[in-house]
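work-v4.txt (compact mmCIF, C-alpha atoms) appears below.
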# COMPACT_ATOMS: atom_id res chain seq x y z
CA MET Y 18 -121.97 4.69 66.63
CA SER Y 19 -120.05 7.84 67.41
CA GLU Y 20 -119.35 9.38 70.76
CA LEU Y 21 -119.53 13.08 71.46
CA GLU Y 22 -116.52 15.15 70.55
CA LEU Y 23 -115.37 17.65 73.13
CA ALA Y 24 -117.01 20.62 71.39
CA ASP Y 25 -120.27 18.72 70.87
CA ARG Y 26 -120.24 17.71 74.51
CA ALA Y 27 -120.29 21.34 75.63
CA ARG Y 28 -123.12 22.11 73.20
CA PHE Y 29 -125.07 19.06 74.36
CA GLU Y 30 -124.73 20.16 77.98
CA GLN Y 31 -125.81 23.67 77.14
CA LEU Y 32 -128.72 22.85 74.81
CA VAL Y 33 -130.08 19.46 75.79
CA LEU Y 34 -129.33 18.88 79.47
CA PRO Y 35 -131.63 21.71 80.65
CA HIS Y 36 -134.51 19.58 79.32
CA VAL Y 37 -133.82 16.41 81.31
CA ASP Y 38 -136.84 17.22 83.53
CA ALA Y 39 -139.05 17.63 80.47
CA ALA Y 40 -137.78 14.31 79.10
CA PHE Y 41 -138.50 12.47 82.34
CA ASN Y 42 -141.89 14.14 82.85
CA LEU Y 43 -143.11 13.13 79.39
CA ALA Y 44 -141.84 9.57 79.82
CA ARG Y 45 -143.43 9.38 83.28
CA TRP Y 46 -146.85 10.34 81.93
CA LEU Y 47 -146.64 8.19 78.83
CA LEU Y 48 -145.49 5.08 80.70
CA ARG Y 49 -147.30 5.82 83.99
CA GLY Y 50 -144.51 4.43 86.12
CA ARG Y 51 -141.46 6.01 87.68
CA ALA Y 52 -138.98 3.16 87.25
CA ASP Y 53 -139.94 2.47 83.61
CA ALA Y 54 -139.86 6.21 82.92
CA GLU Y 55 -136.34 6.51 84.29
CA ASP Y 56 -135.09 3.61 82.16
CA VAL Y 57 -136.75 4.85 79.00
CA ALA Y 58 -135.82 8.51 79.56
CA GLN Y 59 -132.23 7.39 80.08
CA GLU Y 60 -132.31 5.37 76.88
CA ALA Y 61 -133.74 8.37 75.01
CA LEU Y 62 -131.13 10.74 76.42
CA LEU Y 63 -128.26 8.44 75.52
CA ARG Y 64 -129.75 8.10 72.05
CA ALA Y 65 -129.97 11.89 71.80
CA CYS Y 66 -126.34 12.01 72.85
CA ARG Y 67 -125.31 9.57 70.14
CA PHE Y 68 -127.29 11.32 67.42
CA PHE Y 69 -126.50 14.84 68.59
CA ARG Y 70 -124.37 15.51 65.51
CA GLY Y 71 -127.55 15.18 63.49
CA PHE Y 72 -129.12 18.07 65.40
CA HIS Y 73 -128.43 21.25 63.48
CA GLY Y 74 -129.84 23.89 65.77
CA GLY Y 75 -133.47 24.80 66.31
CA ASP Y 76 -135.62 23.86 69.26
CA ALA Y 77 -133.56 21.47 71.38
CA ARG Y 78 -136.45 20.70 73.72
CA ALA Y 79 -138.75 19.70 70.85
CA TRP Y 80 -135.94 17.64 69.33
CA LEU Y 81 -135.29 15.82 72.62
CA LEU Y 82 -138.99 15.29 73.41
CA GLN Y 83 -139.51 13.83 69.95
CA ILE Y 84 -136.82 11.24 70.72
CA VAL Y 85 -138.33 10.59 74.17
CA ARG Y 86 -141.77 10.12 72.67
CA ASN Y 87 -140.56 7.73 69.99
CA THR Y 88 -138.56 5.74 72.55
CA CYS Y 89 -141.64 5.54 74.81
CA TYR Y 90 -143.87 4.29 72.00
CA THR Y 91 -141.31 1.71 70.94
CA TRP Y 92 -141.13 0.57 74.55
CA LEU Y 93 -144.92 0.42 74.87
CA GLU Y 94 -145.28 -1.53 71.64
CA LYS Y 95 -142.81 -4.07 72.97
CA ASN Y 96 -143.93 -4.28 76.58
CA ARG Y 97 -147.58 -3.19 76.74
CA PRO Y 98 -149.07 -3.33 73.23
CA MET Y 99 -152.60 -3.37 74.68
CA GLU Y 100 -152.27 0.20 75.87
CA LEU Y 101 -151.63 1.55 72.41
CA SER Y 102 -154.82 0.05 71.04
CA MET Y 103 -156.78 1.47 73.97
CA GLU Y 104 -159.85 3.28 72.71
CA PHE Y 105 -161.71 5.79 74.77
CA ASP Y 106 -165.43 5.52 74.56
CA GLU Y 107 -166.45 9.14 74.17
CA GLU Y 108 -170.16 8.29 73.97
CA ILE Y 109 -170.22 6.82 77.44
CA HIS Y 110 -167.80 9.16 79.11
CA LEU Y 111 -169.34 12.33 77.76
CA GLN Y 112 -172.68 11.56 79.35
CA ALA Y 113 -171.29 12.73 82.62
CA CYS Y 114 -169.93 16.10 81.62
CA ALA Y 115 -167.89 17.95 84.16
CA THR Y 116 -169.20 21.10 85.76
CA PRO Y 117 -166.99 23.74 87.31
CA GLU Y 118 -168.02 22.37 90.71
CA THR Y 119 -166.76 18.84 90.06
CA LEU Y 120 -163.55 20.27 88.65
CA ALA Y 121 -163.05 22.45 91.69
CA ILE Y 122 -163.45 19.40 93.90
CA ALA Y 123 -161.04 17.44 91.72
CA GLY Y 124 -158.54 20.25 92.09
CA ASP Y 125 -158.27 19.33 95.76
CA ASP Y 126 -157.87 15.68 95.00
CA ARG Y 127 -154.48 14.98 93.50
CA GLU Y 128 -154.92 11.26 93.17
CA ARG Y 129 -158.21 11.62 91.37
CA LEU Y 130 -156.62 13.96 88.85
CA ILE Y 131 -153.66 11.65 88.27
CA LEU Y 132 -156.03 8.74 87.77
CA ALA Y 133 -158.18 10.71 85.33
CA LEU Y 134 -155.14 11.73 83.31
CA GLU Y 135 -153.80 8.19 83.29
CA THR Y 136 -157.15 6.85 82.07
CA LEU Y 137 -156.84 8.81 78.82
CA PRO Y 138 -155.42 7.06 75.76
CA PRO Y 139 -151.66 7.75 75.46
CA ARG Y 140 -152.08 10.02 72.42
CA PHE Y 141 -154.46 12.32 74.26
CA ARG Y 142 -152.45 12.12 77.48
CA GLU Y 143 -149.24 13.21 75.79
CA ILE Y 144 -150.87 16.18 74.12
CA LEU Y 145 -152.28 17.40 77.45
CA VAL Y 146 -148.97 16.90 79.22
CA LEU Y 147 -147.13 18.79 76.50
CA ARG Y 148 -149.62 21.65 76.50
CA GLU Y 149 -150.55 22.01 80.17
CA LEU Y 150 -147.48 20.78 82.03
CA GLU Y 151 -144.72 21.50 79.53
CA GLY Y 152 -146.30 24.68 78.15
CA CYS Y 153 -145.58 23.77 74.52
CA SER Y 154 -147.16 25.77 71.69
CA TYR Y 155 -149.30 24.02 69.06
CA LYS Y 156 -146.39 24.28 66.66
CA GLU Y 157 -144.03 22.63 69.12
CA ILE Y 158 -146.53 19.86 69.87
CA ALA Y 159 -146.92 19.26 66.13
CA ALA Y 160 -143.14 19.00 65.79
CA ILE Y 161 -142.76 16.64 68.75
CA THR Y 162 -145.63 14.33 67.85
CA SER Y 163 -145.25 14.57 64.05
CA ILE Y 164 -148.95 15.26 63.60
CA PRO Y 165 -150.42 18.17 61.61
CA ILE Y 166 -151.21 21.33 63.57
CA GLY Y 167 -154.93 21.06 62.77
CA THR Y 168 -154.96 17.59 64.30
CA VAL Y 169 -153.11 18.95 67.34
CA MET Y 170 -155.95 21.45 67.87
CA SER Y 171 -158.77 18.94 67.50
CA SER Y 172 -156.97 16.30 69.59
CA LEU Y 173 -156.31 18.81 72.35
CA SER Y 174 -159.97 19.79 72.36
CA ARG Y 175 -161.06 16.16 72.61
CA ALA Y 176 -158.39 15.37 75.20
CA ARG Y 177 -159.62 18.20 77.43
CA ARG Y 178 -163.22 17.11 77.11
CA GLN Y 179 -162.29 13.53 77.93
CA LEU Y 180 -160.27 14.59 80.93
CA CYS Y 181 -163.22 16.60 82.25
CA SER Y 182 -165.54 13.65 81.88
CA ALA Y 183 -163.02 11.21 83.34
CA LEU Y 184 -162.75 13.53 86.33
CA ALA Y 185 -166.51 13.73 86.65
CA ASN Y 186 -166.72 9.94 86.47
CA SER Y 187 -164.02 9.36 89.03
CA SER Y 188 -165.61 11.85 91.42
CA THR Y 189 -168.95 10.01 91.14
CA LYS Y 190 -167.21 6.68 91.80
CA GLY Y 191 -165.30 8.26 94.66
CA ALA Y 192 -168.55 9.44 96.20
CA VAL Y 193 -170.00 5.95 95.95
CA ARG Y 194 -166.90 4.47 97.60
CA GLU Y 195 -167.11 6.93 100.46
CA VAL Y 196 -170.70 5.91 101.26
CA MET M 11 -176.79 25.82 72.80
CA LYS M 12 -173.61 25.34 70.77
CA CYS M 13 -171.79 28.39 69.48
CA ASN M 14 -169.99 28.63 66.14
CA PHE M 15 -166.89 30.01 67.81
CA ALA M 16 -166.68 27.08 70.17
CA ASP M 17 -164.11 24.33 70.16
CA THR M 18 -160.96 25.03 68.21
CA LEU M 19 -161.20 28.82 67.94
CA LEU M 20 -162.08 29.19 71.60
CA GLN M 21 -159.31 26.83 72.47
CA CYS M 22 -156.80 28.69 70.29
CA TYR M 23 -157.72 31.87 72.11
CA PHE M 24 -157.35 30.17 75.47
CA ASP M 25 -153.94 28.78 74.51
CA GLY M 26 -152.73 32.14 73.22
CA GLU M 27 -152.47 30.86 69.67
CA LEU M 28 -154.68 33.48 68.00
CA SER M 29 -153.18 36.52 66.29
CA GLY M 30 -153.81 39.92 67.92
CA ARG M 31 -156.64 40.83 65.55
CA ALA M 32 -158.34 37.44 65.77
CA ALA M 33 -158.02 37.51 69.55
CA ALA M 34 -159.62 40.95 69.76
CA GLU M 35 -162.46 39.74 67.57
CA PHE M 36 -163.00 36.72 69.77
CA GLU M 37 -162.97 38.88 72.93
CA ARG M 38 -165.73 41.06 71.47
CA HIS M 39 -167.70 37.86 70.79
CA VAL M 40 -167.26 36.46 74.30
CA GLN M 41 -168.85 39.57 75.83
CA HIS M 42 -172.14 38.51 74.28
CA CYS M 43 -171.84 34.69 74.28
CA ALA M 44 -172.59 32.91 77.54
CA HIS M 45 -171.62 29.54 76.05
CA CYS M 46 -168.09 30.59 75.16
CA ALA M 47 -167.64 32.47 78.43
CA THR M 48 -168.57 29.34 80.40
CA GLU M 49 -166.28 27.17 78.28
CA LEU M 50 -163.40 29.54 78.94
CA VAL M 51 -163.99 29.29 82.69
CA ASP M 52 -164.06 25.48 82.45
CA LEU M 53 -160.82 25.38 80.48
CA ASP M 54 -159.22 27.69 83.01
CA LEU M 55 -160.39 25.56 85.93
CA LEU M 56 -159.01 22.46 84.25
CA ARG M 57 -155.66 24.12 83.64
CA GLY M 58 -155.63 25.38 87.21
CA SER M 59 -156.24 21.86 88.54
CA LEU M 60 -153.49 20.41 86.35
CA GLN M 61 -150.94 23.03 87.23
CA LEU M 62 -151.72 23.54 90.91
CA THR M 63 -151.67 19.84 91.67
CA GLN M 64 -147.95 19.72 90.87
CA LEU M 65 -148.29 16.94 88.35
CA TYR M 66 -144.97 17.86 86.79
CA LYS M 67 -142.46 15.13 87.57
CA PRO M 68 -138.88 16.36 87.66
CA ALA M 69 -136.12 13.93 86.76
CA PRO M 70 -134.66 11.90 89.64
CA ALA M 71 -131.07 12.66 90.63
CA SER M 72 -129.98 9.18 89.55
CA LEU M 73 -130.99 9.91 85.94
CA ARG M 74 -128.96 13.12 85.92
CA ARG M 75 -125.98 11.31 87.39
CA THR M 76 -126.08 8.60 84.72
CA ILE M 77 -126.32 11.09 81.88
CA ASN M 78 -123.56 13.26 83.32
CA ALA M 79 -121.29 10.26 83.76
CA TYR M 80 -121.95 9.29 80.15
CA ILE M 81 -121.25 12.62 78.54
CA HIS M 82 -118.70 14.00 80.99
CA PRO M 83 -116.96 11.00 82.46
CA VAL M 84 -113.76 12.55 83.85
CA ALA M 85 -113.29 14.86 86.81
CA PRO M 86 -111.89 18.06 85.27
CA SER M 87 -108.68 17.98 87.31
CA ARG M 88 -107.72 14.63 85.82
CA ALA M 89 -109.07 15.11 82.34
CA VAL M 90 -106.83 14.32 79.40
CA SER M 91 -107.73 15.96 76.14
CA GLN M 92 -109.05 13.49 73.57
CA PRO M 93 -106.39 14.24 70.92
CA LEU M 94 -103.65 13.49 73.45
CA LEU M 95 -105.30 10.21 74.39
CA TRP M 96 -105.71 9.20 70.74
CA HIS M 97 -102.15 10.21 70.06
CA TRP M 98 -100.98 7.83 72.75
CA LEU M 99 -103.33 5.12 71.63
CA ALA M 100 -102.00 5.43 68.09
CA ALA M 101 -98.47 5.18 69.43
CA ALA M 102 -99.50 2.17 71.49
CA ALA M 103 -101.09 0.45 68.51
CA ALA M 104 -97.92 1.05 66.49
CA MET M 105 -95.93 -0.37 69.36
CA LEU M 106 -98.10 -3.41 69.58
CA PHE M 107 -97.59 -3.96 65.87
CA ILE M 108 -93.85 -3.75 66.35
CA GLY M 109 -94.17 -6.19 69.21
CA ILE M 110 -96.11 -8.62 67.06
CA VAL M 111 -93.61 -8.39 64.21
CA LEU M 112 -90.82 -9.01 66.68
CA TRP M 113 -92.76 -11.93 68.03
CA LYS M 114 -93.29 -13.36 64.62
CA ALA M 115 -89.53 -13.19 64.08
CA SER M 116 -89.03 -15.46 67.08
CA PRO M 117 -89.91 -18.95 65.89
CA GLY M 118 -91.60 -21.41 68.19
CA LEU M 119 -93.55 -18.92 70.25
CA ARG M 120 -96.68 -19.04 68.14
CA SER M 121 -97.90 -20.41 64.87
CA ASP M 122 -96.89 -18.27 61.90
CA ASP M 123 -100.37 -18.28 60.34
CA TYR M 124 -101.95 -16.99 63.49
CA GLN M 125 -99.28 -14.34 63.83
CA ALA M 126 -99.61 -13.16 60.24
CA GLU M 127 -103.34 -12.75 60.64
CA LEU M 128 -103.07 -10.97 63.95
CA ALA M 129 -100.33 -8.67 62.66
CA GLY M 130 -102.47 -7.77 59.65
CA GLU M 131 -105.37 -6.90 61.89
CA ILE M 132 -103.23 -4.80 64.15
CA VAL M 133 -101.89 -2.85 61.20
CA GLU M 134 -105.49 -2.04 60.36
CA ALA M 135 -106.14 -1.08 63.97
CA HIS M 136 -103.13 1.16 63.79
CA VAL M 137 -104.33 2.85 60.59
CA ARG M 138 -107.77 3.36 62.10
CA SER M 139 -106.30 4.84 65.24
CA LEU M 140 -104.59 7.53 63.14
CA GLN M 141 -108.03 8.82 62.16
CA PRO M 142 -109.41 10.36 65.35
CA GLY M 143 -112.93 10.72 63.98
CA GLN M 144 -113.16 6.97 63.50
CA MET M 145 -112.32 6.08 67.09
CA THR M 146 -114.76 5.25 69.81
CA GLY M 147 -113.67 5.57 73.37
CA ILE M 148 -114.44 6.84 76.82
CA THR M 149 -112.25 8.96 79.06
CA SER M 150 -112.96 8.28 82.69
CA ASN M 151 -111.21 7.38 85.92
CA ASP M 152 -114.37 5.75 87.26
CA GLU M 153 -114.01 1.98 86.92
CA ARG M 154 -117.78 1.46 86.88
CA VAL M 155 -118.24 3.94 84.04
CA VAL M 156 -115.52 2.32 81.92
CA GLN M 157 -116.83 -1.14 82.86
CA GLY M 158 -120.37 -0.18 81.85
CA TRP M 159 -119.15 1.35 78.62
CA LEU M 160 -117.22 -1.80 77.68
CA ASP M 161 -119.91 -4.22 78.90
CA SER M 162 -122.49 -2.67 76.63
CA ARG M 163 -120.19 -3.01 73.64
CA THR M 164 -118.34 -6.28 74.02
CA SER M 165 -119.49 -9.87 74.20
CA PHE M 166 -116.86 -10.80 76.79
CA ASN M 167 -116.35 -9.63 80.34
CA VAL M 168 -113.40 -7.47 81.16
CA SER M 169 -112.95 -6.66 84.79
CA VAL M 170 -112.07 -2.95 84.97
CA ARG M 171 -110.11 -1.81 88.03
CA ASP M 172 -108.51 1.48 88.90
CA PHE M 173 -105.16 0.99 90.65
CA ALA M 174 -104.57 4.67 91.40
CA ASN M 175 -103.56 3.79 94.98
CA ARG M 176 -100.85 1.53 93.57
CA GLY M 177 -99.61 4.12 91.10
CA PHE M 178 -101.56 2.99 88.03
CA SER M 179 -104.51 5.30 87.52
CA LEU M 180 -107.28 4.33 85.15
CA HIS M 181 -107.74 6.80 82.32
CA GLY M 182 -110.39 5.25 80.13
CA GLY M 183 -111.08 2.63 77.54
CA ARG M 184 -111.89 2.12 73.93
CA LEU M 185 -112.78 -0.55 71.44
CA ASP M 186 -110.85 -1.89 68.55
CA THR M 187 -111.37 -4.76 66.15
CA ILE M 188 -108.78 -7.45 65.66
CA GLU M 189 -109.51 -10.62 63.72
CA GLY M 190 -113.05 -9.42 63.26
CA ARG M 191 -113.64 -9.50 66.98
CA ASP M 192 -114.01 -6.74 69.51
CA VAL M 193 -110.88 -5.96 71.42
CA ALA M 194 -111.16 -3.95 74.59
CA VAL M 195 -108.42 -1.45 75.36
CA LEU M 196 -107.89 -0.17 78.89
CA VAL M 197 -105.83 2.96 79.29
CA TYR M 198 -103.80 3.48 82.47
CA GLU M 199 -101.30 6.11 83.46
CA ARG M 200 -98.06 5.54 85.32
CA ASN M 201 -95.89 8.54 86.27
CA GLY M 202 -97.46 10.61 83.51
CA ARG M 203 -97.00 7.89 80.86
CA PRO M 204 -99.96 6.07 79.34
CA ILE M 205 -100.13 2.29 79.37
CA ASN M 206 -102.55 0.57 77.01
CA VAL M 207 -103.82 -2.88 77.79
CA PHE M 208 -105.38 -4.65 74.81
CA ILE M 209 -107.72 -7.46 75.88
CA TRP M 210 -109.48 -10.08 73.77
CA PRO M 211 -110.93 -13.54 74.34
CA THR M 212 -108.84 -16.60 73.60
CA ARG M 213 -109.43 -20.35 73.76
CA GLU M 214 -105.84 -21.04 74.66
CA LYS M 215 -104.45 -21.95 78.05
CA ASP M 216 -103.13 -19.46 80.57
CA ASN M 217 -99.69 -18.25 79.73
CA PRO M 218 -97.13 -16.48 81.92
CA PRO M 219 -96.07 -12.98 80.83
CA ARG M 220 -93.67 -12.49 77.97
CA THR M 221 -91.96 -9.17 77.45
CA GLY M 222 -90.18 -7.38 74.72
CA ALA M 223 -88.89 -3.94 73.82
CA ARG M 224 -88.47 -1.92 70.68
CA GLN M 225 -87.54 1.71 70.04
CA GLY M 226 -87.96 2.64 73.67
CA PHE M 227 -91.41 1.01 74.01
CA GLN M 228 -92.09 -2.05 76.14
CA TRP M 229 -94.73 -4.66 75.67
CA LEU M 230 -95.91 -7.46 77.89
CA ASP M 231 -98.35 -10.18 76.86
CA TRP M 232 -100.08 -12.84 78.93
CA ARG M 233 -103.14 -15.06 78.89
CA LYS M 234 -105.35 -15.69 81.85
CA GLY M 235 -108.88 -16.97 82.31
CA LYS M 236 -109.59 -17.31 78.56
CA LEU M 237 -108.50 -13.73 77.95
CA GLU M 238 -105.35 -12.54 76.26
CA PHE M 239 -103.79 -9.30 77.50
CA CYS M 240 -101.15 -7.18 75.88
CA ALA M 241 -99.86 -4.13 77.75
CA VAL M 242 -97.81 -1.60 75.83
CA SER M 243 -96.06 1.50 77.09
CA GLU M 244 -93.04 3.69 77.26
CA ALA M 245 -92.89 2.78 80.94
CA ASP M 246 -90.36 0.29 82.41
CA THR M 247 -90.95 -3.42 81.95
CA ALA M 248 -91.01 -3.64 85.75
CA ASP M 249 -94.02 -1.29 85.72
CA LEU M 250 -95.82 -3.42 83.15
CA GLU M 251 -95.13 -6.48 85.28
CA ARG M 252 -96.57 -4.75 88.33
CA LEU M 253 -99.68 -3.80 86.37
CA GLN M 254 -99.96 -7.37 85.07
CA GLU M 255 -99.87 -8.65 88.67
CA LEU M 256 -102.50 -6.16 89.79
CA ILE M 257 -104.82 -7.06 86.89
CA SER M 258 -104.37 -10.81 87.36
CA THR M 259 -104.85 -10.62 91.13
CA SER M 260 -107.98 -8.45 90.88
CA ALA M 261 -109.48 -10.77 88.24
CA GLN M 262 -108.79 -13.72 90.56
CA ILE M 263 -110.47 -11.97 93.49
CA SER M 264 -113.51 -10.92 91.49
CA ARG M 265 -113.94 -14.49 90.18
CA GLU M 266 -113.70 -15.97 93.67
CA SER M 267 -116.18 -13.47 95.07
CA HIS M 268 -118.80 -14.48 92.50

Here is a file; write its structure as structure tokens.
Amino acid sequence: MSELELADRARFEQLVLPHVDAAFNLARWLLRGRADAEDVAQEALLRACRFFRGFHGGDARAWLLQIVRNTCYTWLEKNRPMELSMEFDEEIHLQACATPETLAIAGDDRERLILALETLPPRFREILVLRELEGCSYKEIAAITSIPIGTVMSSLSRARRQLCSALANSSTKGAVREV
Amino acid sequence: MKCNFADTLLQCYFDGELSGRAAAEFERHVQHCAHCATELVDLDLLRGSLQLTQLYKPAPASLRRTINAYIHPVAPSRAVSQPLLWHWLAAAAAMLFIGIVLWKASPGLRSDDYQAELAGEIVEAHVRSLQPGQMTGITSNDERVVQGWLDSRTSFNVSVRDFANRGFSLHGGRLDTIEGRDVAVLVYERNGRPINVFIWPTREKDNPPRTGARQGFQWLDWRKGKLEFCAVSEADTADLERLQELISTSAQISRESH
């Protein structure tokens, strides 16, 4: 294990530290908990620090997020293996397809949106977070998740459809609860 | 009614991933396709919900503090450049070696076999310390940072204290290997001169300090609480003795408080 040399330290601060928010945000959405996310994001950042010599330029955010993602999945495999095998039943969920009206209502309801996003399988959740919250391009998502760009496109399409239907479902349940 | 342009192409357009020509072609298509137009509105509403709800979670301040402490442990005003620190550590390791050789020359203090082994290891430590790239260490005046750094790397507990108010300011720590075991090294500064305290576990009984000098360097060795300490420096023996007292007293207090 090697520590950062003085020159590397300055480069690390300049290139990687601006993306600490991105690292935490991705970990927060993958692990769905603030305390776990902080621990895992910290582990990922320290790992990035240790392996920084292996980073030879390029997109520092994608490089860091790749490490965060891998650290999150390793953590999930160890602590909550059930979540990784979670399958989303598209047949059932797609029956209630979202309309612009239900989405507009959901837009006012923060909790409902968080719940809907957290209901998605991790692999769809991460792709939505990277695209919609982090503003990553398809190419960047492919680099971070190590999946082919064609799969990024189809996964994103399915993830969006599932989120819509999860929102529609949760708004129906919410209406029932309110009665 | 499903449209051929739907799904990925529509989505690529929405995400700004289509080339200029392909985008223009798609825009011409949307003017006549109600399905795609509706889909675009839905995608936009979804994005709006996600972005307006402030789902983005910025990192907590505690995470930033931890990372900053890890990569930038020293306040700039008290920073010592790494090469200088390694230079002193190399000198200290050489000194310790001299101390050990001297020790070995004094019969009755320790068993010769043990001494020969230890001396051999310290020669290796010395050689390693001459290669800066091979060293691992942390430069910090924060006792918790140095403590955390050592705790995560050693199997034994070293109590790290900064005695800046008593004239011995903590400068950092590093690891070395002697007899195949991790040896912690604490670096202090006294009147501008570094003092290195090598610490490793021992099974032997507590031992009062022994001192020695060679070529202008002083060393002081003692055992306490199943740990062996060896402080080496250019500083006066009286200074090493004061540091030894401070370390022993603080270890005593921290044990009693637990």

(message) Near chain Y, meaning an atom within 6 Å, which residues of chain M appear when counting only C-alpha atoms? Write them as a list of chain:residue names.
(response) M:Asp52, M:Ser59, M:Thr63, M:Lys67, M:Pro68, M:Ala69

(request) Name all residues at most 10 Å from range 205-218 of chain M (count only C-alpha atoms; drop same-chain ones fewer than 5 positions away) and give them as a PyMOL selection string. (result) chain M and resi 98-99+101-103+106+164-168+178-188+191-200+228-245+249-250+253-254

(request) Please measure the separation of CA of Ala65 in chain Y and CA of Tyr66 in chain M, giving the value in Å to one decimal. (result) 22.0 Å

(request) Measure the distance from CA of Ala24 in chain Y to CA of Ile81 in chain M in Å and round it to one decimal. (result)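 About the pair CA of Ala24 in chain Y and CA of Ile81 in chain M: they are 11.5 Å apart.
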
(message) Report, in Å with one decimal, the straight-line distance from CA of Arg140 in chain Y to CA of Leu62 in chain M.
(response)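 So the answer is 22.9 Å.
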
Using the file's own x, y and z axes, so that the box edges lie along x, y and z, what centre and edge lengths in Å (one decimal) does a box around every listed atom of range 94-102 of chain M get when 8 Å is added on each side? Give it as lines of an AutoDock Vina configuration file.
center_x = -102.1
center_y = 7.8
center_z = 71.2
size_x = 23.2
size_y = 27.3
size_z = 22.3

(request) Rank nothing, just name the residue among Y:Met99, Y:Leu132, Y:Ala185, Y:Ile144 nearest to Arg49 in chain Y, using all atoms listed in the file. (result) Y:Leu132

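Excluding Ala33 in chain M itself and any same-chain residue fewer than 5 positions from it, the protein and nucleic acid residues within 9 Å of it, counting all atoms listed in the file, are Cys22, Tyr23, Gly26, Glu27, Leu28 and Arg38 of chain M.
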
(request) Excluding Glu157 in chain Y and residues on its chain fewer than 4 positions from it, collect all residues at most 10 Å away from it, counting only C-alpha atoms, and give them as an MDAnalysis selection string. (result) chainID Y and resid 76 78:80 82:83 147:148 152:153 161:163 166 169

For those residues, write C-alpha atoms to a file as a tab-separated table (two decimals), in the coordinates of the input.
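Output saved as selection-v4.tsv:
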chain	number	residue	atom	x	y	z
Y	76	ASP	CA	-135.62	23.86	69.26
Y	78	ARG	CA	-136.45	20.70	73.72
Y	79	ALA	CA	-138.75	19.70	70.85
Y	80	TRP	CA	-135.94	17.64	69.33
Y	82	LEU	CA	-138.99	15.29	73.41
Y	83	GLN	CA	-139.51	13.83	69.95
Y	147	LEU	CA	-147.13	18.79	76.50
Y	148	ARG	CA	-149.62	21.65	76.50
Y	152	GLY	CA	-146.30	24.68	78.15
Y	153	CYS	CA	-145.58	23.77	74.52
Y	161	ILE	CA	-142.76	16.64	68.75
Y	162	THR	CA	-145.63	14.33	67.85
Y	163	SER	CA	-145.25	14.57	64.05
Y	166	ILE	CA	-151.21	21.33	63.57
Y	169	VAL	CA	-153.11	18.95	67.34

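Comparing M:Ile110, M:Leu55, M:Ala44, M:Tyr80 by their smallest distance to Arg154 in chain M, the closest is M:Tyr80 (using all atoms listed in the file).
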
(request) Give the answer as one residue: which of M:Ala248, M:Leu60, M:Cys13, M:Ala32 has the shortest atom-to-atom distance to Cys46 in chain M, using all atoms listed in the file? (result)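 Smallest distance to Cys46 in chain M is found for M:Cys13.
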